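**Q** The file below is protein_37.pdb, PDB, C-alpha atoms and all ligand atoms:
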```pdb
ATOM      1  CA  MET A   1     -46.246  45.113  70.556
ATOM      2  CA  HIS A   2     -44.713  42.922  73.274
ATOM      3  CA  THR A   3     -46.986  40.935  75.610
ATOM      4  CA  ILE A   4     -46.656  41.234  79.381
ATOM      5  CA  VAL A   5     -48.457  38.643  81.537
ATOM      6  CA  ASP A   6     -48.966  39.457  85.245
ATOM      7  CA  GLY A   7     -46.239  42.093  85.077
ATOM      8  CA  GLU A   8     -43.650  39.552  83.960
ATOM      9  CA  PRO A   9     -41.959  40.291  80.644
ATOM     10  CA  SER A  10     -42.420  37.566  78.019
ATOM     11  CA  PRO A  11     -39.359  35.619  76.809
ATOM     12  CA  MET A  12     -39.479  37.759  73.625
ATOM     13  CA  VAL A  13     -39.248  40.971  75.651
ATOM     14  CA  LEU A  14     -36.415  39.539  77.737
ATOM     15  CA  LYS A  15     -34.542  38.538  74.578
ATOM     16  CA  SER A  16     -34.932  41.963  72.996
ATOM     17  CA  LYS A  17     -33.970  43.736  76.254
ATOM     18  CA  LYS A  18     -30.877  41.495  76.476
ATOM     19  CA  ARG A  19     -29.955  42.352  72.873
ATOM     20  CA  LYS A  20     -30.384  46.118  73.543
ATOM     21  CA  ARG A  21     -28.317  45.799  76.734
ATOM     22  CA  SER A  22     -25.568  43.965  74.902
ATOM     23  CA  VAL A  23     -25.488  46.574  72.079
ATOM     24  CA  ARG A  24     -25.436  49.385  74.698
ATOM     25  CA  LYS A  25     -22.521  47.560  76.394
ATOM     26  CA  THR A  26     -20.672  47.441  73.072
ATOM     27  CA  THR A  27     -21.210  51.190  72.485
ATOM     28  CA  SER A  28     -20.211  52.105  76.025
ATOM     29  CA  SER A  29     -17.079  49.981  75.831
ATOM     30  CA  ALA A  30     -16.325  51.724  72.528
ATOM     31  CA  GLY A  31     -16.585  55.048  74.442
ATOM     32  CA  ILE A  32     -19.783  56.221  72.717
ATOM     33  CA  ALA A  33     -22.338  58.256  74.697
ATOM     34  CA  PRO A  34     -25.904  56.815  74.798
ATOM     35  CA  CYS A  35     -27.266  59.880  72.951
ATOM     36  CA  LEU A  36     -25.051  58.916  70.003
ATOM     37  CA  PHE A  37     -26.369  55.355  69.902
ATOM     38  CA  LYS A  38     -28.635  55.979  66.864
ATOM     39  CA  TYR A  39     -25.663  57.236  64.867
ATOM     40  CA  TRP A  40     -23.559  54.216  65.887
ATOM     41  CA  LEU A  41     -26.306  51.987  64.488
ATOM     42  CA  GLN A  42     -25.796  53.787  61.153
ATOM     43  CA  ARG A  43     -22.002  53.388  61.261
ATOM     44  CA  TYR A  44     -21.695  51.394  58.045
ATOM     45  CA  SER A  45     -23.708  53.935  56.094
ATOM     46  CA  LEU A  46     -21.423  56.649  57.466
ATOM     47  CA  PHE A  47     -18.268  54.713  56.548
ATOM     48  CA  SER A  48     -18.608  51.371  54.753
ATOM     49  CA  MET A  49     -15.048  50.578  55.923
ATOM     50  CA  PHE A  50     -15.921  51.371  59.547
ATOM     51  CA  ASP A  51     -14.503  48.095  60.838
ATOM     52  CA  ALA A  52     -11.093  48.818  59.302
ATOM     53  CA  GLY A  53     -10.507  51.238  62.218
ATOM     54  CA  ILE A  54     -12.369  54.459  61.370
ATOM     55  CA  SER A  55     -11.780  57.169  64.009
ATOM     56  CA  MET A  56     -14.687  59.296  65.263
ATOM     57  CA  ASP A  57     -15.375  61.732  68.069
ATOM     58  CA  ASP A  58     -18.736  62.809  69.515
ATOM     59  CA  GLU A  59     -19.290  65.691  67.094
ATOM     60  CA  ALA A  60     -18.268  63.523  64.148
ATOM     61  CA  TRP A  61     -20.911  60.911  65.012
ATOM     62  CA  PHE A  62     -23.732  63.348  64.367
ATOM     63  CA  SER A  63     -22.027  65.501  61.707
ATOM     64  CA  VAL A  64     -20.324  63.184  59.271
ATOM     65  CA  THR A  65     -21.968  62.984  55.852
ATOM     66  CA  PRO A  66     -23.138  59.425  55.072
ATOM     67  CA  GLU A  67     -20.771  57.871  52.544
ATOM     68  CA  ALA A  68     -23.257  57.457  49.664
ATOM     69  CA  ILE A  69     -24.359  61.081  50.024
ATOM     70  CA  ALA A  70     -20.737  62.276  50.126
ATOM     71  CA  ALA A  71     -20.112  60.265  46.937
ATOM     72  CA  SER A  72     -23.106  61.952  45.311
ATOM     73  CA  HIS A  73     -21.755  65.391  46.366
ATOM     74  CA  ALA A  74     -18.431  64.422  44.766
ATOM     75  CA  ALA A  75     -20.174  63.386  41.544
ATOM     76  CA  HIS A  76     -21.563  66.945  41.248
ATOM     77  CA  ALA A  77     -18.040  68.355  41.273
ATOM     78  CA  ALA A  78     -17.206  66.324  38.174
ATOM     79  CA  PHE A  79     -17.659  69.011  35.526
ATOM     80  CA  SER A  80     -14.945  69.301  32.911
ATOM     81  CA  SER A  81     -12.578  71.914  34.325
ATOM     82  CA  ALA A  82     -12.693  70.840  37.992
ATOM     83  CA  ALA A  83      -9.507  69.453  39.552
ATOM     84  CA  VAL A  84      -9.228  70.875  43.064
ATOM     85  CA  VAL A  85     -11.946  70.815  45.742
ATOM     86  CA  ILE A  86     -11.778  72.772  48.987
ATOM     87  CA  ASP A  87     -13.647  71.172  51.883
ATOM     88  CA  CYS A  88     -13.958  74.162  54.237
ATOM     89  CA  PHE A  89     -15.247  72.303  57.351
ATOM     90  CA  ALA A  90     -13.743  68.856  56.835
ATOM     91  CA  GLY A  91     -14.428  67.134  60.190
ATOM     92  CA  VAL A  92     -13.104  63.557  60.228
ATOM     93  CA  GLY A  93     -13.109  63.444  56.441
ATOM     94  CA  GLY A  94     -16.464  61.999  55.323
ATOM     95  CA  ASN A  95     -16.716  64.316  52.310
ATOM     96  CA  ALA A  96     -12.998  64.919  51.681
ATOM     97  CA  ILE A  97     -12.432  61.157  51.308
ATOM     98  CA  GLN A  98     -15.187  60.809  48.702
ATOM     99  CA  PHE A  99     -13.950  63.830  46.706
ATOM    100  CA  ALA A 100     -10.474  62.271  46.697
ATOM    101  CA  ALA A 101     -11.869  58.845  45.792
ATOM    102  CA  ARG A 102     -13.526  60.516  42.799
ATOM    103  CA  GLY A 103     -10.056  61.635  41.628
ATOM    104  CA  PHE A 104      -9.966  65.264  42.836
ATOM    105  CA  ARG A 105      -7.109  66.864  44.702
ATOM    106  CA  VAL A 106      -8.644  68.040  47.970
ATOM    107  CA  VAL A 107      -7.714  70.771  50.426
ATOM    108  CA  ALA A 108      -9.372  69.819  53.719
ATOM    109  CA  VAL A 109      -9.657  72.646  56.266
ATOM    110  CA  GLU A 110     -10.611  71.799  59.862
ATOM    111  CA  ILE A 111     -10.172  73.880  62.998
ATOM    112  CA  ASP A 112      -9.932  70.976  65.464
ATOM    113  CA  PRO A 113      -6.484  69.306  65.314
ATOM    114  CA  ARG A 114      -7.805  66.042  66.793
ATOM    115  CA  LYS A 115     -10.365  65.733  63.991
ATOM    116  CA  VAL A 116      -7.609  66.363  61.464
ATOM    117  CA  ASP A 117      -5.602  63.469  62.969
ATOM    118  CA  TYR A 118      -8.697  61.288  62.629
ATOM    119  CA  ALA A 119      -9.342  62.490  59.066
ATOM    120  CA  VAL A 120      -5.765  61.611  58.069
ATOM    121  CA  LYS A 121      -6.187  58.105  59.528
ATOM    122  CA  ASN A 122      -9.568  57.668  57.871
ATOM    123  CA  ALA A 123      -8.247  58.828  54.491
ATOM    124  CA  ARG A 124      -5.396  56.328  54.825
ATOM    125  CA  ILE A 125      -7.940  53.521  55.355
ATOM    126  CA  TYR A 126      -9.669  54.539  52.101
ATOM    127  CA  GLY A 127      -6.290  54.738  50.291
ATOM    128  CA  VAL A 128      -6.722  58.429  49.403
ATOM    129  CA  LYS A 129      -4.531  60.198  51.980
ATOM    130  CA  ASP A 130      -2.023  61.354  49.352
ATOM    131  CA  ARG A 131      -4.696  63.186  47.368
ATOM    132  CA  ILE A 132      -5.697  65.351  50.360
ATOM    133  CA  GLU A 133      -3.836  68.307  51.812
ATOM    134  CA  PHE A 134      -4.966  68.702  55.426
ATOM    135  CA  LEU A 135      -4.914  72.212  56.924
ATOM    136  CA  VAL A 136      -5.527  72.765  60.627
ATOM    137  CA  GLY A 137      -7.062  76.215  60.965
ATOM    138  CA  ASP A 138      -9.962  78.608  60.756
ATOM    139  CA  PHE A 139     -11.573  78.600  57.306
ATOM    140  CA  PHE A 140     -12.259  82.358  57.442
ATOM    141  CA  SER A 141      -8.587  83.174  58.078
ATOM    142  CA  LEU A 142      -7.364  80.737  55.437
ATOM    143  CA  ALA A 143      -9.971  81.527  52.736
ATOM    144  CA  PRO A 144      -8.081  84.475  51.142
ATOM    145  CA  PHE A 145      -5.134  82.139  50.464
ATOM    146  CA  LEU A 146      -7.097  79.174  49.061
ATOM    147  CA  LYS A 147      -7.488  78.350  45.383
ATOM    148  CA  GLY A 148      -9.858  75.684  44.061
ATOM    149  CA  ASP A 149     -12.403  74.866  41.366
ATOM    150  CA  VAL A 150     -15.154  73.751  43.763
ATOM    151  CA  VAL A 151     -15.839  74.731  47.367
ATOM    152  CA  PHE A 152     -17.744  72.338  49.615
ATOM    153  CA  ILE A 153     -19.428  73.712  52.745
ATOM    154  CA  SER A 154     -20.868  71.543  55.503
ATOM    155  CA  PRO A 155     -20.573  73.693  58.639
ATOM    156  CA  PRO A 156     -21.811  72.904  62.151
ATOM    157  CA  TRP A 157     -25.611  73.094  62.439
ATOM    158  CA  GLY A 158     -25.588  73.538  66.211
ATOM    159  CA  GLY A 159     -25.888  69.846  67.119
ATOM    160  CA  PRO A 160     -28.705  67.258  66.765
ATOM    161  CA  SER A 161     -31.259  69.677  68.294
ATOM    162  CA  TYR A 162     -31.392  71.484  64.923
ATOM    163  CA  SER A 163     -34.230  69.126  63.970
ATOM    164  CA  LYS A 164     -36.483  70.477  66.753
ATOM    165  CA  ILE A 165     -36.551  73.897  65.087
ATOM    166  CA  HIS A 166     -39.479  74.548  62.717
ATOM    167  CA  THR A 167     -37.534  76.603  60.175
ATOM    168  CA  PHE A 168     -33.752  76.634  60.340
ATOM    169  CA  THR A 169     -32.541  80.066  59.221
ATOM    170  CA  LEU A 170     -29.055  80.627  57.825
ATOM    171  CA  ASP A 171     -27.992  82.775  60.793
ATOM    172  CA  MET A 172     -28.230  79.582  62.933
ATOM    173  CA  LEU A 173     -25.256  78.015  61.142
ATOM    174  CA  LYS A 174     -21.948  77.990  63.033
ATOM    175  CA  PRO A 175     -19.381  79.384  63.473
ATOM    176  CA  LYS A 176     -20.813  82.323  61.487
ATOM    177  CA  ASP A 177     -23.995  83.303  59.676
ATOM    178  CA  GLY A 178     -24.561  81.307  56.454
ATOM    179  CA  TYR A 179     -24.429  84.465  54.325
ATOM    180  CA  LEU A 180     -20.920  85.234  55.638
ATOM    181  CA  ILE A 181     -19.822  81.615  55.104
ATOM    182  CA  PHE A 182     -21.138  81.750  51.532
ATOM    183  CA  GLN A 183     -19.450  85.093  50.843
ATOM    184  CA  ALA A 184     -16.081  83.731  52.021
ATOM    185  CA  ALA A 185     -16.551  80.703  49.734
ATOM    186  CA  GLN A 186     -17.535  82.919  46.785
ATOM    187  CA  GLU A 187     -14.212  84.729  47.005
ATOM    188  CA  ILE A 188     -12.659  81.386  45.961
ATOM    189  CA  THR A 189     -15.087  80.198  43.257
ATOM    190  CA  PRO A 190     -18.791  80.442  42.293
ATOM    191  CA  ASN A 191     -18.925  76.604  42.105
ATOM    192  CA  ILE A 192     -20.161  75.907  45.607
ATOM    193  CA  ILE A 193     -21.875  72.885  47.175
ATOM    194  CA  MET A 194     -23.592  73.428  50.551
ATOM    195  CA  PHE A 195     -24.983  70.608  52.720
ATOM    196  CA  LEU A 196     -27.687  72.064  54.957
ATOM    197  CA  PRO A 197     -30.356  70.946  57.468
ATOM    198  CA  ARG A 198     -33.535  69.448  56.003
ATOM    199  CA  ASN A 199     -35.572  72.211  57.721
ATOM    200  CA  VAL A 200     -33.503  75.071  56.249
ATOM    201  CA  ASP A 201     -35.360  78.146  54.979
ATOM    202  CA  LEU A 202     -35.284  77.505  51.225
ATOM    203  CA  SER A 203     -36.054  81.114  50.320
ATOM    204  CA  GLN A 204     -32.833  82.126  52.086
ATOM    205  CA  VAL A 205     -30.886  79.479  50.154
ATOM    206  CA  GLU A 206     -32.256  80.981  46.918
ATOM    207  CA  GLU A 207     -31.195  84.423  48.123
ATOM    208  CA  LEU A 208     -27.580  83.219  48.253
ATOM    209  CA  SER A 209     -27.506  82.832  44.476
ATOM    210  CA  TRP A 210     -28.530  86.509  44.087
ATOM    211  CA  LEU A 211     -25.393  87.618  45.957
ATOM    212  CA  SER A 212     -23.698  87.284  42.564
ATOM    213  CA  CYS A 213     -24.393  89.459  39.544
ATOM    214  CA  PRO A 214     -25.747  87.843  37.394
ATOM    215  CA  PRO A 215     -27.275  85.378  39.910
ATOM    216  CA  LEU A 216     -25.589  81.979  40.121
ATOM    217  CA  THR A 217     -27.237  78.916  38.622
ATOM    218  CA  LEU A 218     -28.765  77.024  41.551
ATOM    219  CA  LYS A 219     -30.116  73.529  42.055
ATOM    220  CA  ILE A 220     -31.657  72.620  45.400
ATOM    221  CA  GLU A 221     -31.958  68.915  46.185
ATOM    222  CA  GLU A 222     -33.602  66.946  48.976
ATOM    223  CA  THR A 223     -30.893  64.476  49.876
ATOM    224  CA  TYR A 224     -32.057  61.042  51.016
ATOM    225  CA  MET A 225     -30.501  57.840  52.324
ATOM    226  CA  GLU A 226     -33.032  55.280  51.185
ATOM    227  CA  THR A 227     -36.305  56.703  52.542
ATOM    228  CA  SER A 228     -34.764  58.975  55.161
ATOM    229  CA  LEU A 229     -34.353  62.675  54.352
ATOM    230  CA  LYS A 230     -30.888  63.581  55.662
ATOM    231  CA  GLY A 231     -30.500  67.133  54.451
ATOM    232  CA  ILE A 232     -30.783  69.690  51.686
ATOM    233  CA  THR A 233     -27.954  70.096  49.227
ATOM    234  CA  ALA A 234     -27.624  73.387  47.349
ATOM    235  CA  TYR A 235     -25.505  73.285  44.203
ATOM    236  CA  PHE A 236     -24.327  76.629  42.804
ATOM    237  CA  GLY A 237     -22.578  77.508  39.545
ATOM    238  CA  ASP A 238     -21.305  74.636  37.396
ATOM    239  CA  THR A 239     -22.055  72.077  40.140
ATOM    240  CA  ALA A 240     -25.782  72.773  39.521
ATOM    241  CA  LEU A 241     -25.478  71.545  35.950
ATOM    242  CA  VAL A 242     -24.416  67.976  36.802
ATOM    243  CA  PRO A 243     -27.486  65.682  36.970
ATOM    244  CA  SER A 244     -28.281  64.140  40.383
ATOM    245  CA  LYS A 245     -28.282  60.381  40.984
ATOM    246  CA  SER A 246     -31.933  59.568  41.637
ATOM    247  CA  SER A 247     -31.505  57.420  44.767
ATOM    248  CA  PHE A 248     -29.897  60.251  46.755
ATOM    249  CA  SER A 249     -31.936  63.131  45.418
ATOM    250  CA  LYS A 250     -35.648  62.532  45.501
ATOM    251  CA  THR A 251     -36.557  66.049  44.422
ATOM    252  CA  ASP A 252     -34.870  68.906  42.670
ATOM    253  CA  ILE A 253     -36.765  71.731  44.308
ATOM    254  CA  SER A 254     -35.316  74.534  42.203
TER     255      SER A 254
HETATM  256  P1  LIG A 301     -29.730  63.787  62.176
HETATM  257  O1  LIG A 301     -30.987  64.436  61.727
HETATM  258  O2  LIG A 301     -29.165  64.246  63.479
HETATM  259  O3  LIG A 301     -29.825  62.217  62.202
HETATM  260  O4  LIG A 301     -28.603  64.016  61.074
HETATM  261  P2  LIG A 301     -30.907  61.210  61.604
HETATM  262  O5  LIG A 301     -30.379  59.858  61.820
HETATM  263  O6  LIG A 301     -31.256  61.604  60.194
HETATM  264  O7  LIG A 301     -32.084  61.516  62.569
HETATM  265  P3  LIG A 301     -33.575  61.046  62.515
HETATM  266  O8  LIG A 301     -33.764  60.361  63.810
HETATM  267  O9  LIG A 301     -34.343  62.331  62.419
HETATM  268  O10 LIG A 301     -33.738  60.168  61.320
HETATM  269  C1  LIG A 301     -28.753  63.619  59.721
HETATM  270  C2  LIG A 301     -27.489  63.933  58.979
HETATM  271  O11 LIG A 301     -27.327  65.352  58.970
HETATM  272  C3  LIG A 301     -26.224  63.410  59.624
HETATM  273  O12 LIG A 301     -25.921  62.105  59.191
HETATM  274  C4  LIG A 301     -25.188  64.385  59.126
HETATM  275  O13 LIG A 301     -24.759  64.035  57.827
HETATM  276  C5  LIG A 301     -25.972  65.678  59.030
HETATM  277  N1  LIG A 301     -25.752  66.533  60.196
HETATM  278  C6  LIG A 301     -26.419  66.498  61.356
HETATM  279  N2  LIG A 301     -25.915  67.480  62.166
HETATM  280  C7  LIG A 301     -26.399  67.777  63.513
HETATM  281  C8  LIG A 301     -24.939  68.135  61.485
HETATM  282  C9  LIG A 301     -24.088  69.239  61.783
HETATM  283  O14 LIG A 301     -24.102  69.847  62.858
HETATM  284  N3  LIG A 301     -23.229  69.624  60.814
HETATM  285  C10 LIG A 301     -23.176  68.985  59.607
HETATM  286  N4  LIG A 301     -22.308  69.418  58.704
HETATM  287  N5  LIG A 301     -23.971  67.930  59.317
HETATM  288  C11 LIG A 301     -24.837  67.525  60.237
HETATM  289  N1  LIG A 302     -18.458  67.078  56.262
HETATM  290  C1  LIG A 302     -17.755  66.581  57.438
HETATM  291  C2  LIG A 302     -18.434  67.016  58.730
HETATM  292  C3  LIG A 302     -18.308  68.496  59.005
HETATM  293  S1  LIG A 302     -18.895  68.936  60.599
HETATM  294  C4  LIG A 302     -17.666  65.050  57.363
HETATM  295  O1  LIG A 302     -18.390  64.440  56.574
HETATM  296  O2  LIG A 302     -16.870  64.469  58.103
HETATM  297  C5  LIG A 302     -18.348  70.584  60.685
HETATM  298  C6  LIG A 302     -16.895  70.761  61.113
HETATM  299  O3  LIG A 302     -16.543  72.140  61.041
HETATM  300  C7  LIG A 302     -16.582  70.338  62.537
HETATM  301  O4  LIG A 302     -15.677  69.275  62.508
HETATM  302  C8  LIG A 302     -15.938  71.584  63.184
HETATM  303  O5  LIG A 302     -14.836  71.299  64.030
HETATM  304  C9  LIG A 302     -15.486  72.351  61.963
HETATM  305  N2  LIG A 302     -15.306  73.808  62.139
HETATM  306  C10 LIG A 302     -16.007  74.618  62.973
HETATM  307  N3  LIG A 302     -15.566  75.897  62.832
HETATM  308  C11 LIG A 302     -14.598  75.878  61.888
HETATM  309  C12 LIG A 302     -13.794  76.899  61.288
HETATM  310  N4  LIG A 302     -13.901  78.166  61.651
HETATM  311  N5  LIG A 302     -12.904  76.530  60.332
HETATM  312  C13 LIG A 302     -12.782  75.242  59.968
HETATM  313  N6  LIG A 302     -13.506  74.230  60.509
HETATM  314  C14 LIG A 302     -14.413  74.546  61.445
END
```
Starting from the file, lay out its structure as C-alpha cells.
**A**
Amino acid sequence: MHTIVDGEPSPMVLKSKKRKRSVRKTTSSAGIAPCLFKYWLQRYSLFSMFDAGISMDDEAWFSVTPEAIAASHAAHAAFSSAAVVIDCFAGVGGNAIQFAARGFRVVAVEIDPRKVDYAVKNARIYGVKDRIEFLVGDFFSLAPFLKGDVVFISPPWGGPSYSKIHTFTLDMLKPKDGYLIFQAAQEITPNIIMFLPRNVDLSQVEELSWLSCPPLTLKIEETYMETSLKGITAYFGDTALVPSKSSFSKTDIS
C-alpha cells in the first residue's frame, strides 16, 4: 500500500509512478500498444535473446510460446524415429526455433508473410535458420503435401480475451474448429503436440484421441512458467511417451 498525505502522493508513489511512466515511454517508443505491456515485461521469458534484435508484432506478443515451454515441447518430440517436425501455425518462430535447436529439421507454416520474415530473422539470431524450411501459406491447403514425424499445433485462440471464458471449447479455436485442425494434422502423423488455452474443455481434448482406431495414447499436461499456468499441452501418439520435465509440467492430468 502507498501512503497519501493530504492528497499529495508520497515520494515513494512519485518514484514508482515515474518508473511506470518511463517504462511506458520505452514501450511506446518501441511501438508496443499499452494493452501489450504485460507481455513486454515478460520479453526475456519469451525470447532469452530478445535484446539481440528479436522481431515481434502485436499478435506475436500475446501468442508466442515462452522459450522454456517451447523447449519442453521440443523435448517431447525426441523419441527415437523422429527427425522432421511440422509447426503448422509458426508465428514469429517461438516453437520452430526450439525444435530446430533440439536438432530437428522443421517445416514452419505461417499464413502471414510478415510473421514469416520475422521468424526467419529470429531463427537467424538463434543460429538455427538453416534447419527450418519456412512456408508462407494456409496450413489446411498445404497439409496434404506435408510429411513429418511430429506435428505441432498452436493455433490462434481468439486473442487475450480467451481467458475471460469459463470453458474454452475446441470450436473456439481459429481459423477452424479444433477437431478439423486435429484431423488435418492426423493425415500427416499420429504424433501430435497441441498447445491449448488453460481453460480448454479437457473432455473434448480426450475425445480427439478417440478419432483414431485404436485411440491414440494421450498425455495431458498443465504447462507452467514458474508458478504461472500458461496453457494445457496435449501430447498424442509417441510424444505422449516422453516424460515431462517437472518444472514446466506440474500435473499430468491424463
Ligand atoms: P495470456 O494468458 O494472455 O498471458 O497468455 P499471461 O501472461 O499468462 O496472463 P495472466 O495475466 O493471466 O497471467 C499465456 C500464454 O498463452 C502466452 O504466453 C502464449 O504462449 C499463449 N497464448 C495466448 N494467446 C492469446 C494465444 C493465442 O491466441 N494463440 C496461441 N497459440 N497461444 C496463445
Ligand atoms: N507458436 C507460435 C505462435 C503461433 S500463433 C510461436 O511461438 O511463435 C498462431 C499463428 O497462426 C499466427 O501467427 C497466425 O498468423 C497463424 N495462422 C492463422 N491461420 C493460419 C493458417 N490457416 N495457416 C497457417 N498459419 C495460420
**Q** If you apply the PyMOL selection byres (((chain A and resi 58) around 10) and not hetatm) to this file, what residues do you get, as a PyMOL selection string?
**A** chain A and resi 31-33+35-36+56-57+59-63
**Q** Excluding range 135-152 of chain A and any residue of its chain fewer than 3 positions from it, enumerate the residues within 7 Å of it, using all atoms listed in the file, and give them as a list of chain:residue names.
**A** A:Ala77, A:Ala82, A:Ala83, A:Val84, A:Val85, A:Ile86, A:Asp87, A:Cys88, A:Ala108, A:Val109, A:Glu110, A:Ile111, A:Asp112, A:Pro113, A:Val116, A:Ala184, A:Ala185, A:Ile188, A:Thr189, A:Asn191, A:Ile192, A:Ile193, A:Met194
**Q** Store the residues of this selection in a file with C-alpha atoms, as a tab-separated table (two decimals), keeping the file's coordinate frame.
**A**
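File result.tsv, as written:
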```tsv
chain	number	residue	atom	x	y	z
A	77	ALA	CA	-18.04	68.36	41.27
A	82	ALA	CA	-12.69	70.84	37.99
A	83	ALA	CA	-9.51	69.45	39.55
A	84	VAL	CA	-9.23	70.88	43.06
A	85	VAL	CA	-11.95	70.82	45.74
A	86	ILE	CA	-11.78	72.77	48.99
A	87	ASP	CA	-13.65	71.17	51.88
A	88	CYS	CA	-13.96	74.16	54.24
A	108	ALA	CA	-9.37	69.82	53.72
A	109	VAL	CA	-9.66	72.65	56.27
A	110	GLU	CA	-10.61	71.80	59.86
A	111	ILE	CA	-10.17	73.88	63.00
A	112	ASP	CA	-9.93	70.98	65.46
A	113	PRO	CA	-6.48	69.31	65.31
A	116	VAL	CA	-7.61	66.36	61.46
A	184	ALA	CA	-16.08	83.73	52.02
A	185	ALA	CA	-16.55	80.70	49.73
A	188	ILE	CA	-12.66	81.39	45.96
A	189	THR	CA	-15.09	80.20	43.26
A	191	ASN	CA	-18.92	76.60	42.10
A	192	ILE	CA	-20.16	75.91	45.61
A	193	ILE	CA	-21.88	72.89	47.18
A	194	MET	CA	-23.59	73.43	50.55
```
**Q** Quick one: everything within 9 Å of Gly178 in chain A, counting all atoms listed in the file, minus sequence neighbours fewer than 6 positions away in the same chain. Send it as a PyMOL selection string.
**A** chain A and resi 155+169-172+208
**Q** Enter the distance from atom N1 of ligand LIG 302 (chain A) to CA of Pro156 in chain A, in Å, rounded to one decimal.
**A**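 Rounded to one decimal, the two atoms are 8.9 Å apart.
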**Q** Which residue, A:Ser55, A:Ser212, A:Thr239, A:Thr233, has the smallest gap to ligand LIG 301 (chain A) when you use all atoms listed in the file?
**A**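 Among the listed residues, A:Thr233 lies closest to ligand LIG 301 (chain A).
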**Q** Could you check how far CA of Arg43 in chain A sits from CA of Lys115 in chain A, in Å to one decimal?
**A**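 A separation of 17.2 Å between them.
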**Q** Name the residues that the PyMOL selection byres (((not hetatm)) within 6 of (chain A and resi 301)) pulls out of this structure, and write them as a list of chain:residue names.
**A**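 Taken on the displayed file, the PyMOL selection byres (((not hetatm)) within 6 of (chain A and resi 301)) yields the residues A:Phe62, A:Ser63, A:Val64, A:Thr65, A:Pro66, A:Ser154, A:Pro155, A:Pro156, A:Trp157, A:Gly158, A:Gly159, A:Pro160, A:Lys230, A:Gly231.
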**Q** Using only C-alpha atoms, can you tell me which of A:Leu218, A:Ala78, A:Ala100, A:Val242 comes closest to Gly127 in chain A?
**A**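 Counting only C-alpha atoms, the residue closest to Gly127 in chain A is A:Ala100.
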**Q** Starting from 3 Å padding per side, set up an axis-aligned box that covers all listed atoms of ligand LIG 302 (chain A) and hand over centre and edge lengths in Å, one decimal, as JSON.
**A**
```
{"center_x": -15.8, "center_y": 71.3, "center_z": 60.1, "size_x": 12.1, "size_y": 19.7, "size_z": 13.8}
```
**Q** Which one of A:Arg131, A:Lys174, A:Arg124, A:Lys38 sits closest to ligand LIG 302 (chain A) if you count only C-alpha atoms and all ligand atoms?
**A**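 Checking each candidate against ligand LIG 302 (chain A), we get A:Lys174 as the closest.
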**Q** Between A:Tyr44, A:Phe182, A:Trp210, A:Phe89, single out the one closest to ligand LIG 302 (chain A), counting only C-alpha atoms and all ligand atoms.
**A**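 Distance minimum relative to ligand LIG 302 (chain A) lands on A:Phe89.
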**Q** Would you work out the distance separating CA of Asp238 in chain A from CA of Thr167 in chain A, expressed in Å to one decimal?
**A** 28.0 Å
**Q** Nearest to ligand LIG 302 (chain A): which of A:Leu41, A:Leu202, A:Ala234, A:Ala90 is it, counting all atoms listed in the file?
**A**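 Ranked by minimum distance to ligand LIG 302 (chain A), first place goes to A:Ala90.
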**Q** Measuring between only C-alpha atoms, which one of A:Leu46, A:Ile181, A:Ala71, A:Val120 shows the shortest distance to Ile132 in chain A?
**A**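 The closest residue to Ile132 in chain A is A:Val120.
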**Q** Please provide the set of residues having any atom within 9 Å of Arg114 in chain A, restricted to only C-alpha atoms, with same-chain residues fewer than 3 positions apart removed, written as a PyMOL selection string.
**A** chain A and resi 57+92+117-119
**Q** Go ahead and find all residues with at least one atom no further than 7 Å from (-31.2, 65.0, 50.8) in the file's coordinates, using only C-alpha atoms; report them as a VMD selection string.
**A** chain A and resid 221 to 224 229 to 233 248 to 249
**Q** Near Phe99 in chain A, within 8 Å and counting all atoms listed in the file, which residues show up once chain neighbours fewer than 2 positions away are dropped, as a list in words?
**A**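 Near neighbours after the sequence-gap exclusion: Ala70, Ala71, His73, Ala74, Val85, Asn95, Ala96, Ile97, Ala101, Arg102, Gly103, Phe104, Arg105 and Val106 of chain A.
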**Q** Take the residues from that selection and write them out as a PDB file, in the coordinates of the input, keeping C-alpha atoms.
**A**
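part_1.pdb, freshly written:
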```
ATOM      1  CA  ALA A  70     -20.737  62.276  50.126  1.00  0.00           C
ATOM      2  CA  ALA A  71     -20.112  60.265  46.937  1.00  0.00           C
ATOM      3  CA  HIS A  73     -21.755  65.391  46.366  1.00  0.00           C
ATOM      4  CA  ALA A  74     -18.431  64.422  44.766  1.00  0.00           C
ATOM      5  CA  VAL A  85     -11.946  70.815  45.742  1.00  0.00           C
ATOM      6  CA  ASN A  95     -16.716  64.316  52.310  1.00  0.00           C
ATOM      7  CA  ALA A  96     -12.998  64.919  51.681  1.00  0.00           C
ATOM      8  CA  ILE A  97     -12.432  61.157  51.308  1.00  0.00           C
ATOM      9  CA  ALA A 101     -11.869  58.845  45.792  1.00  0.00           C
ATOM     10  CA  ARG A 102     -13.526  60.516  42.799  1.00  0.00           C
ATOM     11  CA  GLY A 103     -10.056  61.635  41.628  1.00  0.00           C
ATOM     12  CA  PHE A 104      -9.966  65.264  42.836  1.00  0.00           C
ATOM     13  CA  ARG A 105      -7.109  66.864  44.702  1.00  0.00           C
ATOM     14  CA  VAL A 106      -8.644  68.040  47.970  1.00  0.00           C
TER      15      VAL A 106
END
```
